[in-house]
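For reference, upload_11.tsv is printed below; it contains TSV, N, CA and C atoms.
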chain	number	residue	atom	x	y	z
A	1	MET	N	61.57	118.24	102.32
A	1	MET	CA	61.44	117.07	101.45
A	1	MET	C	61.34	115.81	102.28
A	2	ALA	N	60.59	114.88	101.76
A	2	ALA	CA	60.45	113.58	102.42
A	2	ALA	C	61.08	112.50	101.55
A	3	ARG	N	61.81	111.61	102.17
A	3	ARG	CA	62.43	110.49	101.45
A	3	ARG	C	61.41	109.37	101.34
A	4	LYS	N	61.21	108.87	100.11
A	4	LYS	CA	60.23	107.81	99.84
A	4	LYS	C	60.90	106.69	99.04
A	5	ARG	N	60.52	105.46	99.38
A	5	ARG	CA	61.01	104.30	98.61
A	5	ARG	C	60.24	104.21	97.30
A	6	LEU	N	60.97	104.04	96.23
A	6	LEU	CA	60.36	103.91	94.91
A	6	LEU	C	60.29	102.45	94.48
A	7	ILE	N	61.33	101.68	94.78
A	7	ILE	CA	61.39	100.29	94.35
A	7	ILE	C	62.34	99.51	95.26
A	8	ILE	N	62.03	98.23	95.44
A	8	ILE	CA	62.94	97.29	96.11
A	8	ILE	C	63.04	96.07	95.20
A	9	GLU	N	64.25	95.70	94.87
A	9	GLU	CA	64.49	94.53	94.03
A	9	GLU	C	65.46	93.59	94.75
A	10	MET	N	65.29	92.29	94.53
A	10	MET	CA	66.16	91.29	95.13
A	10	MET	C	66.87	90.50	94.05
A	11	GLY	N	68.06	90.00	94.40
A	11	GLY	CA	68.81	89.20	93.44
A	11	GLY	C	69.69	88.18	94.13
A	12	MET	N	70.20	87.26	93.33
A	12	MET	CA	71.10	86.21	93.81
A	12	MET	C	72.29	86.13	92.87
A	13	GLY	N	73.47	85.88	93.43
A	13	GLY	CA	74.67	85.73	92.62
A	13	GLY	C	75.53	84.60	93.16
A	14	VAL	N	76.22	83.92	92.26
A	14	VAL	CA	77.04	82.76	92.62
A	14	VAL	C	78.44	82.91	92.04
A	15	ASP	N	79.44	82.56	92.84
A	15	ASP	CA	80.79	82.37	92.31
A	15	ASP	C	81.10	80.89	92.46
A	16	GLN	N	81.03	80.18	91.35
A	16	GLN	CA	81.24	78.72	91.37
A	16	GLN	C	82.70	78.34	91.49
A	17	HIS	N	83.56	79.18	90.95
A	17	HIS	CA	85.00	78.89	90.97
A	17	HIS	C	85.76	80.16	91.33
A	18	GLY	N	86.71	80.05	92.20
A	18	GLY	CA	87.53	81.19	92.61
A	18	GLY	C	87.30	81.63	94.03
A	19	GLN	N	86.14	81.27	94.59
A	19	GLN	CA	85.85	81.56	95.99
A	19	GLN	C	86.00	83.05	96.31
A	20	GLU	N	85.41	83.90	95.47
A	20	GLU	CA	85.47	85.34	95.65
A	20	GLU	C	84.11	85.87	96.08
A	21	PRO	N	83.95	86.25	97.35
A	21	PRO	CA	82.67	86.80	97.79
A	21	PRO	C	82.30	88.08	97.06
A	22	THR	N	83.28	88.85	96.62
A	22	THR	CA	82.99	90.07	95.85
A	22	THR	C	82.29	89.73	94.55
A	23	VAL	N	82.74	88.68	93.87
A	23	VAL	CA	82.13	88.26	92.61
A	23	VAL	C	80.68	87.84	92.84
A	24	ALA	N	80.44	87.04	93.86
A	24	ALA	CA	79.08	86.59	94.16
A	24	ALA	C	78.19	87.79	94.52
A	25	ALA	N	78.71	88.72	95.32
A	25	ALA	CA	77.93	89.89	95.73
A	25	ALA	C	77.60	90.78	94.54
A	26	ALA	N	78.58	91.04	93.68
A	26	ALA	CA	78.34	91.87	92.50
A	26	ALA	C	77.33	91.22	91.57
A	27	ARG	N	77.40	89.93	91.41
A	27	ARG	CA	76.43	89.22	90.57
A	27	ARG	C	75.03	89.30	91.15
A	28	ALA	N	74.92	89.25	92.48
A	28	ALA	CA	73.61	89.36	93.13
A	28	ALA	C	73.00	90.74	92.88
A	29	VAL	N	73.80	91.78	92.97
A	29	VAL	CA	73.32	93.13	92.73
A	29	VAL	C	72.93	93.28	91.26
A	30	ARG	N	73.77	92.79	90.37
A	30	ARG	CA	73.47	92.85	88.93
A	30	ARG	C	72.17	92.12	88.63
A	31	ASN	N	71.96	90.96	89.25
A	31	ASN	CA	70.73	90.21	89.07
A	31	ASN	C	69.52	91.00	89.56
A	32	ALA	N	69.67	91.71	90.66
A	32	ALA	CA	68.56	92.48	91.23
A	32	ALA	C	68.12	93.61	90.30
A	33	ILE	N	69.05	94.22	89.57
A	33	ILE	CA	68.70	95.37	88.74
A	33	ILE	C	68.60	95.03	87.26
A	34	ALA	N	68.77	93.78	86.90
A	34	ALA	CA	68.90	93.38	85.50
A	34	ALA	C	67.68	93.71	84.64
A	35	HIS	N	66.50	93.69	85.19
A	35	HIS	CA	65.31	93.85	84.36
A	35	HIS	C	64.45	95.03	84.83
A	36	ASN	N	65.11	96.09	85.27
A	36	ASN	CA	64.38	97.25	85.79
A	36	ASN	C	64.43	98.41	84.81
A	37	ALA	N	63.33	99.07	84.70
A	37	ALA	CA	63.25	100.39	84.08
A	37	ALA	C	62.56	101.27	85.12
A	38	LEU	N	63.05	102.45	85.31
A	38	LEU	CA	62.53	103.30	86.39
A	38	LEU	C	61.96	104.62	85.85
A	39	PRO	N	60.95	104.57	84.99
A	39	PRO	CA	60.38	105.83	84.50
A	39	PRO	C	59.75	106.66	85.61
A	40	GLY	N	59.37	106.02	86.71
A	40	GLY	CA	58.80	106.75	87.83
A	40	GLY	C	59.75	107.75	88.45
A	41	VAL	N	61.04	107.55	88.25
A	41	VAL	CA	62.03	108.50	88.76
A	41	VAL	C	61.76	109.88	88.17
A	42	TRP	N	61.41	109.93	86.88
A	42	TRP	CA	61.12	111.21	86.23
A	42	TRP	C	59.64	111.54	86.27
A	43	GLU	N	58.81	110.55	85.89
A	43	GLU	CA	57.39	110.80	85.69
A	43	GLU	C	56.61	110.97	86.99
A	44	VAL	N	57.04	110.35	88.05
A	44	VAL	CA	56.31	110.44	89.32
A	44	VAL	C	57.10	111.29	90.33
A	45	ALA	N	58.38	110.96	90.50
A	45	ALA	CA	59.19	111.65	91.51
A	45	ALA	C	59.71	112.99	91.02
A	46	GLY	N	59.77	113.18	89.71
A	46	GLY	CA	60.19	114.46	89.17
A	46	GLY	C	61.68	114.74	89.22
A	47	LEU	N	62.50	113.70	89.34
A	47	LEU	CA	63.95	113.94	89.33
A	47	LEU	C	64.39	114.34	87.93
A	48	SER	N	65.44	115.13	87.85
A	48	SER	CA	65.94	115.57	86.55
A	48	SER	C	67.11	114.72	86.07
A	49	HIS	N	67.73	113.96	86.97
A	49	HIS	CA	68.86	113.10	86.59
A	49	HIS	C	68.87	111.87	87.49
A	50	PRO	N	69.24	110.69	86.94
A	50	PRO	CA	69.21	109.49	87.77
A	50	PRO	C	70.21	109.50	88.93
A	51	ASN	N	71.21	110.36	88.88
A	51	ASN	CA	72.13	110.44	90.01
A	51	ASN	C	71.51	111.09	91.24
A	52	GLU	N	70.29	111.61	91.10
A	52	GLU	CA	69.57	112.17	92.25
A	52	GLU	C	68.92	111.07	93.09
A	53	MET	N	68.83	109.85	92.55
A	53	MET	CA	68.28	108.72	93.32
A	53	MET	C	69.23	108.36	94.45
A	54	ILE	N	68.68	107.85	95.52
A	54	ILE	CA	69.48	107.26	96.59
A	54	ILE	C	69.33	105.75	96.43
A	55	VAL	N	70.43	105.05	96.28
A	55	VAL	CA	70.39	103.61	96.06
A	55	VAL	C	71.11	102.92	97.21
A	56	GLU	N	70.33	102.18	98.01
A	56	GLU	CA	70.88	101.46	99.15
A	56	GLU	C	70.89	99.97	98.84
A	57	VAL	N	72.04	99.37	99.01
A	57	VAL	CA	72.22	97.95	98.72
A	57	VAL	C	72.57	97.22	100.00
A	58	GLN	N	71.91	96.09	100.20
A	58	GLN	CA	72.23	95.20	101.33
A	58	GLN	C	72.56	93.84	100.73
A	59	VAL	N	73.71	93.29	101.11
A	59	VAL	CA	74.16	92.01	100.59
A	59	VAL	C	74.47	91.07	101.74
A	60	GLY	N	73.96	89.84	101.65
A	60	GLY	CA	74.32	88.76	102.56
A	60	GLY	C	75.20	87.79	101.81
A	61	VAL	N	76.41	87.56	102.30
A	61	VAL	CA	77.38	86.76	101.57
A	61	VAL	C	78.33	86.07	102.56
A	62	PRO	N	78.80	84.86	102.23
A	62	PRO	CA	79.83	84.26	103.07
A	62	PRO	C	81.11	85.13	103.03
A	63	TYR	N	81.82	85.18	104.10
A	63	TYR	CA	83.08	85.91	104.21
A	63	TYR	C	82.90	87.40	103.87
A	64	PRO	N	81.96	88.09	104.52
A	64	PRO	CA	81.67	89.48	104.17
A	64	PRO	C	82.87	90.42	104.33
A	65	ASP	N	83.79	90.09	105.22
A	65	ASP	CA	84.96	90.94	105.43
A	65	ASP	C	85.90	90.95	104.22
A	66	GLN	N	85.73	90.00	103.28
A	66	GLN	CA	86.58	89.94	102.09
A	66	GLN	C	85.98	90.68	100.89
A	67	VAL	N	84.78	91.22	101.04
A	67	VAL	CA	84.11	91.89	99.93
A	67	VAL	C	84.74	93.26	99.68
A	68	ARG	N	85.09	93.49	98.42
A	68	ARG	CA	85.61	94.78	97.98
A	68	ARG	C	84.40	95.64	97.58
A	69	GLN	N	84.00	96.49	98.50
A	69	GLN	CA	82.73	97.20	98.37
A	69	GLN	C	82.64	98.07	97.13
A	70	GLU	N	83.72	98.72	96.76
A	70	GLU	CA	83.69	99.61	95.59
A	70	GLU	C	83.38	98.83	94.31
A	71	GLU	N	83.82	97.57	94.22
A	71	GLU	CA	83.53	96.75	93.04
A	71	GLU	C	82.06	96.36	92.99
A	72	VAL	N	81.46	96.12	94.13
A	72	VAL	CA	80.03	95.79	94.17
A	72	VAL	C	79.21	97.01	93.77
A	73	LEU	N	79.53	98.17	94.32
A	73	LEU	CA	78.79	99.39	93.99
A	73	LEU	C	78.99	99.82	92.55
A	74	ALA	N	80.09	99.44	91.93
A	74	ALA	CA	80.35	99.79	90.53
A	74	ALA	C	79.33	99.16	89.58
A	75	VAL	N	78.62	98.14	90.02
A	75	VAL	CA	77.58	97.51	89.20
A	75	VAL	C	76.43	98.48	88.96
A	76	LEU	N	76.20	99.38	89.89
A	76	LEU	CA	75.09	100.33	89.79
A	76	LEU	C	75.49	101.49	88.89
A	77	PRO	N	74.72	101.75	87.83
A	77	PRO	CA	75.12	102.81	86.89
A	77	PRO	C	74.88	104.22	87.40
A	78	PHE	N	73.91	104.42	88.30
A	78	PHE	CA	73.55	105.76	88.74
A	78	PHE	C	73.21	105.77	90.22
A	79	GLY	N	73.10	106.97	90.75
A	79	GLY	CA	72.59	107.15	92.10
A	79	GLY	C	73.65	107.48	93.12
A	80	ARG	N	73.17	107.97	94.26
A	80	ARG	CA	74.02	108.15	95.43
A	80	ARG	C	73.96	106.82	96.16
A	81	LYS	N	75.06	106.10	96.15
A	81	LYS	CA	75.09	104.68	96.51
A	81	LYS	C	75.61	104.43	97.92
A	82	ALA	N	75.00	103.43	98.57
A	82	ALA	CA	75.47	102.98	99.88
A	82	ALA	C	75.35	101.45	99.91
A	83	LEU	N	76.27	100.81	100.59
A	83	LEU	CA	76.31	99.35	100.65
A	83	LEU	C	76.48	98.88	102.08
A	84	THR	N	75.66	97.90	102.46
A	84	THR	CA	75.82	97.20	103.73
A	84	THR	C	76.07	95.74	103.38
A	85	VAL	N	77.17	95.20	103.89
A	85	VAL	CA	77.52	93.80	103.66
A	85	VAL	C	77.45	93.07	104.98
A	86	GLU	N	76.77	91.92	104.98
A	86	GLU	CA	76.64	91.16	106.21
A	86	GLU	C	76.82	89.67	105.93
A	87	LEU	N	77.06	88.92	106.97
A	87	LEU	CA	77.21	87.48	106.85
A	87	LEU	C	75.87	86.88	106.43
A	88	GLY	N	75.90	86.10	105.39
A	88	GLY	CA	74.68	85.47	104.88
A	88	GLY	C	74.99	84.63	103.67
A	89	GLY	N	73.96	84.41	102.85
A	89	GLY	CA	74.15	83.59	101.67
A	89	GLY	C	74.39	82.14	102.04
A	90	MET	N	75.12	81.45	101.19
A	90	MET	CA	75.40	80.03	101.41
A	90	MET	C	76.78	79.66	100.89
A	91	VAL	N	77.32	78.62	101.46
A	91	VAL	CA	78.51	77.96	100.92
A	91	VAL	C	78.06	76.56	100.53
A	92	VAL	N	78.25	76.22	99.27
A	92	VAL	CA	77.81	74.93	98.74
A	92	VAL	C	79.04	74.16	98.26
A	93	GLN	N	79.05	72.86	98.53
A	93	GLN	CA	80.14	72.01	98.12
A	93	GLN	C	80.14	71.86	96.60
A	94	GLY	N	81.23	72.25	95.96
A	94	GLY	CA	81.38	72.11	94.52
A	94	GLY	C	82.54	71.19	94.20
A	95	LYS	N	83.24	71.50	93.14
A	95	LYS	CA	84.41	70.72	92.73
A	95	LYS	C	85.53	71.68	92.38
A	96	ALA	N	86.65	71.56	93.07
A	96	ALA	CA	87.81	72.40	92.80
A	96	ALA	C	88.45	71.97	91.48
A	97	ILE	N	88.72	72.96	90.63
A	97	ILE	CA	89.38	72.71	89.35
A	97	ILE	C	90.61	73.61	89.30
A	98	ALA	N	91.78	73.00	89.26
A	98	ALA	CA	93.04	73.76	89.33
A	98	ALA	C	93.14	74.79	88.22
A	99	GLU	N	92.72	74.45	87.02
A	99	GLU	CA	92.83	75.37	85.88
A	99	GLU	C	91.97	76.62	86.04
A	100	LEU	N	91.00	76.58	86.96
A	100	LEU	CA	90.14	77.74	87.21
A	100	LEU	C	90.56	78.50	88.46
A	101	ALA	N	91.74	78.18	88.96
A	101	ALA	CA	92.34	78.86	90.12
A	101	ALA	C	91.51	78.69	91.40
A	102	ASP	N	90.82	77.58	91.52
A	102	ASP	CA	90.08	77.31	92.75
A	102	ASP	C	91.02	77.13	93.92
A	103	LYS	N	90.67	77.73	95.05
A	103	LYS	CA	91.42	77.56	96.29
A	103	LYS	C	90.93	76.33	97.05
A	104	ASN	N	89.64	76.01	96.84
A	104	ASN	CA	89.00	74.87	97.49
A	104	ASN	C	87.76	74.52	96.67
A	105	ASP	N	86.89	73.67	97.19
A	105	ASP	CA	85.72	73.26	96.42
A	105	ASP	C	84.44	73.99	96.81
A	106	GLU	N	84.57	75.16	97.42
A	106	GLU	CA	83.39	75.93	97.81
A	106	GLU	C	82.81	76.74	96.64
A	107	MET	N	81.49	76.76	96.57
A	107	MET	CA	80.77	77.68	95.70
A	107	MET	C	80.09	78.67	96.64
A	108	LEU	N	80.23	79.97	96.36
A	108	LEU	CA	79.68	81.00	97.23
A	108	LEU	C	78.41	81.59	96.62
A	109	ILE	N	77.36	81.68	97.41
A	109	ILE	CA	76.09	82.24	96.97
A	109	ILE	C	75.79	83.47	97.82
A	110	ALA	N	75.47	84.57	97.13
A	110	ALA	CA	75.12	85.83	97.80
A	110	ALA	C	73.69	86.21	97.44
A	111	VAL	N	73.04	86.92	98.34
A	111	VAL	CA	71.73	87.50	98.07
A	111	VAL	C	71.83	89.01	98.28
A	112	ALA	N	71.04	89.75	97.48
A	112	ALA	CA	71.10	91.20	97.57
A	112	ALA	C	69.71	91.81	97.52
A	113	SER	N	69.58	92.93	98.19
A	113	SER	CA	68.40	93.78	98.10
A	113	SER	C	68.87	95.16	97.68
A	114	VAL	N	68.21	95.70	96.66
A	114	VAL	CA	68.53	97.04	96.17
A	114	VAL	C	67.29	97.91	96.33
A	115	THR	N	67.41	98.96	97.12
A	115	THR	CA	66.30	99.87	97.37
A	115	THR	C	66.62	101.23	96.77
A	116	VAL	N	65.69	101.75	95.97
A	116	VAL	CA	65.84	103.08	95.39
A	116	VAL	C	64.91	104.02	96.16
A	117	TRP	N	65.51	105.09	96.67
A	117	TRP	CA	64.78	106.12	97.40
A	117	TRP	C	64.83	107.41	96.59
A	118	VAL	N	63.79	108.24	96.75
A	118	VAL	CA	63.79	109.55	96.14
A	118	VAL	C	63.34	110.56	97.19
A	119	ASP	N	63.87	111.78	97.07
A	119	ASP	CA	63.43	112.88	97.93
A	119	ASP	C	62.33	113.62	97.19
A	120	ILE	N	61.15	113.64	97.78
A	120	ILE	CA	60.00	114.32	97.16
A	120	ILE	C	59.58	115.48	98.04
Rewrite the coordinates I just gave you, this time as structure tokens.
Amino acid sequence: MARKRLIIEMGMGVDQHGQEPTVAAARAVRNAIAHNALPGVWEVAGLSHPNEMIVEVQVGVPYPDQVRQEEVLAVLPFGRKALTVELGGMVVQGKAIAELADKNDEMLIAVASVTVWVDI
């Protein structure tokens, strides 16, 4: 069998309050897959179940060492999942609001790439 890429999608996610890189990363992944339908998984690749897909996620986010990887991967409903987290994204000056549990005035922006592979 040969592994072939079926789709690559990109997304962006922001945590405006709370300074949680996991939240920004999960939102970026959710944004990347939000408008996808993958009939090619069955009609072209011939898979019998979506868990046969290989789904590789790459996320660039501030403070990558603080990302809870299992929470980011939980956004994906199906597939054999893998995640790579690296330093990236942006930190933007916002406004700290005590009632929203802000630690500081940073807004965290993450970017994600989601690649679906199939074995044919």
| query | Hey, which of A:Val61, A:Ala37, A:Pro77, A:Glu71 ends up closest to Val91 in chain A? Count all atoms listed in the file. | reply | A:Val61
| task | Rank A:His35, A:Arg30, A:His49, A:Arg5 by their smallest atom-to-atom distance to Val111 in chain A, using only C-alpha atoms, and report the top residue only. | result |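 Nearest candidate to Val111 in chain A out of A:His35, A:Arg30, A:His49, A:Arg5: A:Arg30.
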So that each row is one residue of range 62-82 of chain A with an atom at most 6.5 Å from range 16-28 of chain A, can you give its shortest atom pair and the distance in Å to one decimal, using all atoms listed in the file, rows by chain and rising number, as a tab-separated table?
residue	atom	partner	partner_atom	distance
A:Pro62	C	A:Pro21	CA	5.7
A:Tyr63	C	A:Pro21	CA	6.1
A:Gln66	C	A:Thr22	N	5.4
A:Val67	CA	A:Thr22	N	4.6
A:Arg68	N	A:Thr22	CA	4.8
A:Glu71	C	A:Ala26	CA	5.9
A:Val72	CA	A:Ala26	CA	4.6
| Among the residues A:Ile54, A:Val44, A:Val118, A:Ile109, the one that comes closest to Lys4 in chain A [using all atoms listed in the file] |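 When distances to Lys4 in chain A are compared using all atoms listed in the file, the smallest one comes from A:Val118.
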| message | Run DSSP on the backbone and tell me which residues of range 18-95 of chain A come out as alpha helix (DSSP H); list them as a list in words. | response | Pro21, Thr22, Val23, Ala24, Ala25, Ala26, Arg27, Ala28, Val29, Arg30, Asn31, Ala32, Ile33, Gly40, Val41, Trp42, Glu43, Gln69, Glu70, Glu71, Val72 and Leu73 of chain A
| atom N of Thr115 in chain A to atom C of Pro39 in chain A, straight-line distance in Å |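 Value for the atom C of Pro39 in chain A-atom N of Thr115 in chain A distance: 15.8 Å.
Comparing the minimum interatomic distances between Met107 in chain A and each of A:Ile8, A:Val14, A:Asp65, A:Leu47, counting all atoms listed in the file, we find that A:Val14 sits nearest.
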| query | In Å, how far is it from CA of Met53 in chain A to atom N of Lys81 in chain A? | reply |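 Taking CA of Met53 in chain A as the start and atom N of Lys81 in chain A as the end point, the length is 7.8 Å.
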| remark: Using all atoms listed in the file, the residue out of A:Ile120, A:Val114, A:Leu6, A:Met90 with shortest distance to Ala32 in chain A is A:Val114
| query | CA of Glu106 in chain A and CA of Glu86 in chain A, how far apart in Å? | reply |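 Calculated distance between CA of Glu86 in chain A and CA of Glu106 in chain A is 18.7 Å.
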| request: Please provide the set of residues having any atom within 8 Å of Ala96 in chain A, restricted to only N, CA and C atoms, with same-chain residues fewer than 2 positions apart removed, written as a VMD selection string. | output: chain A and resid 16 to 18 93 to 94 98 to 106
| task | In the coordinates of the file, take the point (60.1, 114.4, 100.6) and a cut-off of 6 Å; then, counting only C-alpha atoms, name each qualifying protein, DNA or RNA residue as JSON, numbers by chain. | result | {"A": [1, 2, 3, 119, 120]}
| task | Looking only at strand (DSSP E) from DSSP on the backbone, list the matching residues of chain A as a ChimeraX atom specification. | result | /A:3-15,54-61,80-87,90-93,106-119
